[in-house]
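J.: Take a look at the following structure, please.
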Amino acid sequence: MDTMNNYSTSEEIEKYRQSGRILAEVQEKTAKKITVGASILETAVFAEDLIRDLGGQPAFPCNLSRNEDAAHYTPGANDTSVFGEDMVKLDIGVHIDGYIADAAITIDLSDHPELVEASKAALESAIDTVHAGVDTREIGAVIEKTIGEFGYKPISNLTGHGLLQYQSHAPPAIPNIATRSGTILQEGQVIAIEPFATAGAGRVKDTSKWEIYHIKTEKPALPRIPRARALLKEMMEYKTLPFAKRYFSGEKIDFTFRQLTKSGIIEPYPILRETTGALVSQAEHTMIVTEDGCEVTTR
Ligand code: CO
């Protein structure tokens with residue numbers, strides 16, 4: 001019998017481990033590229049290419065959100081911007097046959113070490129709290145308390161999440177604050193915990209900018225317009241996982257993306273910005289819940 005528990009078979013667990021190992025290596029090598037003056041686009045492409053070279057696939061575009069942008073920034077095809085004295089969140093996703101590793105670190109070029117340490121320490125405390133049977137409320141409370149001890153606030157409307165095959169944001173949500181209701185974690189569940197810390201209000205809002213999209217349903221209705229139909233077929237390679245507009249080329253690409261968005265077939269992930277414009281740090285690991293703790297796959 002191959003089933004380890006209700007959630008994952010040993011073969012699946014091995015793929016989660018493998019994608020986690022690839023991610024750890026890509027994270028370490030990409031982090032070294034993040035310096036003042038370095039191209040953001042080249043950094044993202046470097047990470048995504050290295051994932052493929054090591055035998056994985058990107059589970060989502062390399063996110064390089066800076067400063068008050070908490071999440072969902074990836075450079076566009078013609079992005080010529082470079083890193084300044086920024087607080088950079090390097091958030092990477094890797095999958096093997098849909099089994100995902102998701103992890104983030106903050107590369108601080110802005111000289112705010114305490115803010116970086118706050119989310120990092122919160123993540124470590126949260127990891128120490130995880131085991132089969134724990135309530136996600138406890139994890140949220142530990143994160144909020146730890147970040148509070150540094151004098152900062154967690155971002156309350158961003159959460160960690162479960163991971164399932166080809167689903168980068170599955171239930172349960174793992175809160176970054178003490179919440180009124182929670183979920184009991186089960187042995188074999190795969191989750192990502194991702195505290196964000198800020199000196200601001202502790203909330204993010206959608207901006208009107210985005211480069212990342214996903215297909216909303218697994219079997220979308222194919223549009224009749226040939227160009228849109230052809231592009232959608234290319235996108236379907238990613239199933240419902242997020243992809244970047246820059247992955248695709250061809251005539252009228254912006255127009256066709258707008259068409260597919262308007263008809264509700266694809267959906268963008270707007271860049272999420274701290275509401276008061278304050279700096280945000282992030283730390284994230286993926287882990288498999290075990291009977292008495294957890295196995296972090298992305299170290
Ligand atoms: Co995540």
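So you can find residues: chains in the structure tokens are A, B, ... in the order shown, residues in each start at 1, and ligands are numbered from 1 in order.
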If you run DSSP on the backbone here, which positions in segment 131-180 of chain A get strand (DSSP E or B)? Please write them as a ChimeraX atom specification.
T.: /A:135,153-154,160-164,167-174
J.: Please give the complete set of residues from segment 134-260 of chain A that DSSP, run on the backbone, assigns to alpha helix (DSSP H), formatted as a PyMOL selection string.
T.: chain A and resi 136-149+226-235+253-260
J.: Name each residue within 6 Å of ligand 1, counting only C-alpha atoms and all ligand atoms, as a PDB file with C-alpha atoms, in the first residue's frame.
T.:
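Final output, result.pdb:
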ATOM      1  CA  ASP A 102       6.776  27.708  -2.656  1.00  0.00           C
ATOM      2  CA  GLY A 160      -0.286  31.165   3.852  1.00  0.00           C
ATOM      3  CA  ALA A 192       3.110  27.128   2.819  1.00  0.00           C
TER       4      ALA A 192
END
J.: Could you make a table, as JSON lines, of the residues of segment 90-145 of chain A that have an atom within 12 Å of an atom of segment 235-241 of chain A, each with its nearest atom pair and distance in Å to one decimal, counting only C-alpha atoms, in chain and number order?
T.:
{"residue": "A:Gly93", "atom": "CA", "partner": "A:Leu241", "partner_atom": "CA", "distance": 10.2}
{"residue": "A:Val94", "atom": "CA", "partner": "A:Leu241", "partner_atom": "CA", "distance": 10.9}
{"residue": "A:His95", "atom": "CA", "partner": "A:Leu241", "partner_atom": "CA", "distance": 10.1}
{"residue": "A:Asp97", "atom": "CA", "partner": "A:Tyr238", "partner_atom": "CA", "distance": 11.0}
{"residue": "A:Gly98", "atom": "CA", "partner": "A:Leu241", "partner_atom": "CA", "distance": 9.0}
{"residue": "A:Tyr99", "atom": "CA", "partner": "A:Leu241", "partner_atom": "CA", "distance": 11.4}
{"residue": "A:Ile100", "atom": "CA", "partner": "A:Leu241", "partner_atom": "CA", "distance": 10.3}
J.: Between atom CA of Lys153 of chain A and atom CA of Glu274 of chain A, what is the spacing in Å?
T.: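 Pair atom CA of Glu274 of chain A / atom CA of Lys153 of chain A returns 11.5 Å.
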J.: Show me a table, sorted first by chain and then by increasing residue number, of the residues of segment 180-244 of chain A having an atom at most 6 Å from segment 248-266 of chain A, each with its shortest atom pair and the distance in Å to one decimal, counting only C-alpha atoms and written as a Markdown table.
T.:
| residue | atom | partner | partner_atom | distance |
| --- | --- | --- | --- | --- |
| A:His214 | CA | A:Ile266 | CA | 5.5 |
| A:Ile215 | CA | A:Ile266 | CA | 4.3 |
| A:Lys216 | CA | A:Ile266 | CA | 5.5 |
| A:Ala228 | CA | A:Thr256 | CA | 5.7 |
J.: Save out the residues we just selected, N, CA and C atoms, as a short mmCIF file (atom, residue, chain, number, x, y, z; two decimals), in the first residue's frame.
T.:
data_model
loop_
_atom_site.label_atom_id
_atom_site.label_comp_id
_atom_site.auth_asym_id
_atom_site.auth_seq_id
_atom_site.Cartn_x
_atom_site.Cartn_y
_atom_site.Cartn_z
N HIS A 214 -3.82 33.66 -14.53
CA HIS A 214 -4.05 32.21 -14.59
C HIS A 214 -5.37 31.95 -15.30
N ILE A 215 -5.52 30.72 -15.80
CA ILE A 215 -6.79 30.31 -16.41
C ILE A 215 -7.74 29.95 -15.27
N LYS A 216 -8.98 30.44 -15.35
CA LYS A 216 -9.88 30.30 -14.20
C LYS A 216 -10.41 28.89 -13.99
N ALA A 228 -7.05 34.31 -30.25
CA ALA A 228 -7.32 34.08 -28.83
C ALA A 228 -7.33 32.58 -28.52
#
J.: Considering only C-alpha atoms, tabulate each residue of segment 154-271 of chain A that lies at most 9 Å from segment 277-282 of chain A along with its nearest interatomic pair and the corresponding distance in Å to one decimal; arrange the rows by chain and ascending residue number and present them as a tab-separated table.
T.:
residue	atom	partner	partner_atom	distance
A:Ile155	CA	A:Val280	CA	8.5
A:Glu194	CA	A:Gln282	CA	6.7
A:Pro195	CA	A:Gln282	CA	5.8
A:Phe196	CA	A:Gln282	CA	4.4
A:Ala197	CA	A:Ser281	CA	5.2
A:Thr198	CA	A:Val280	CA	4.7
A:Ala199	CA	A:Ala278	CA	6.2
A:Gly200	CA	A:Ala278	CA	4.9
A:Ala201	CA	A:Ala278	CA	8.0
A:Gly202	CA	A:Ala278	CA	8.9
J.: Please dump the current selection as a CSV table (one decimal), in the first residue's frame; keep N, CA, C and O atoms.
T.:
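Result saved to part10.csv:
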chain,number,residue,atom,x,y,z
A,155,ILE,N,0.9,41.6,7.9
A,155,ILE,CA,-0.1,41.9,6.9
A,155,ILE,C,-1.3,41.0,7.1
A,155,ILE,O,-1.2,39.8,6.9
A,194,GLU,N,3.6,32.0,5.2
A,194,GLU,CA,4.3,33.2,4.7
A,194,GLU,C,3.9,34.4,5.4
A,194,GLU,O,3.1,35.2,5.0
A,195,PRO,N,4.6,34.7,6.5
A,195,PRO,CA,4.4,36.0,7.2
A,195,PRO,C,5.0,37.1,6.5
A,195,PRO,O,6.1,37.0,5.9
A,196,PHE,N,4.3,38.3,6.5
A,196,PHE,CA,4.7,39.5,5.9
A,196,PHE,C,4.7,40.5,7.1
A,196,PHE,O,3.8,40.6,7.9
A,197,ALA,N,5.8,41.3,7.2
A,197,ALA,CA,5.9,42.3,8.3
A,197,ALA,C,6.0,43.7,7.7
A,197,ALA,O,6.6,43.9,6.7
A,198,THR,N,5.4,44.7,8.4
A,198,THR,CA,5.5,46.0,8.0
A,198,THR,C,5.4,47.0,9.1
A,198,THR,O,4.9,46.7,10.2
A,199,ALA,N,5.9,48.2,8.9
A,199,ALA,CA,5.7,49.3,9.9
A,199,ALA,C,4.5,50.1,9.5
A,199,ALA,O,4.1,51.1,10.2
A,200,GLY,N,3.8,49.7,8.5
A,200,GLY,CA,2.6,50.4,8.1
A,200,GLY,C,1.3,49.9,8.7
A,200,GLY,O,1.3,49.4,9.9
A,201,ALA,N,0.2,50.0,8.0
A,201,ALA,CA,-1.1,49.7,8.6
A,201,ALA,C,-1.3,48.2,8.7
A,201,ALA,O,-2.2,47.7,9.5
A,202,GLY,N,-0.5,47.4,7.9
A,202,GLY,CA,-0.7,46.0,8.0
A,202,GLY,C,-1.8,45.4,7.1
A,202,GLY,O,-2.3,44.4,7.4
J.: Just give me the gap between atom CA of Val289 of chain A and atom CA of Arg137 of chain A in Å, one decimal is fine.
T.: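 Between atom CA of Val289 of chain A and atom CA of Arg137 of chain A the gap is 15.7 Å.
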J.: Using only C-alpha atoms, determine which residues lie at most 9 Å from Ala170 of chain A, disregarding the query and same-chain residues fewer than 6 positions distant; provide the list as number ranges by chain.
T.: A: 161-164, 191
J.: With only C-alpha atoms as the counted atoms, please give the residues lying no more than 10 Å from Thr290 of chain A, apart from itself and same-chain residues fewer than 6 positions off, as JSON, numbers by chain.
T.: {"A": [5, 130, 131, 132, 133, 185, 186, 187, 188, 189, 190]}
J.: So what do you get for atom CA of Ile271 of chain A versus atom CA of Asn67 of chain A, distance-wise?
T.: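 So the answer is 12.1 Å.
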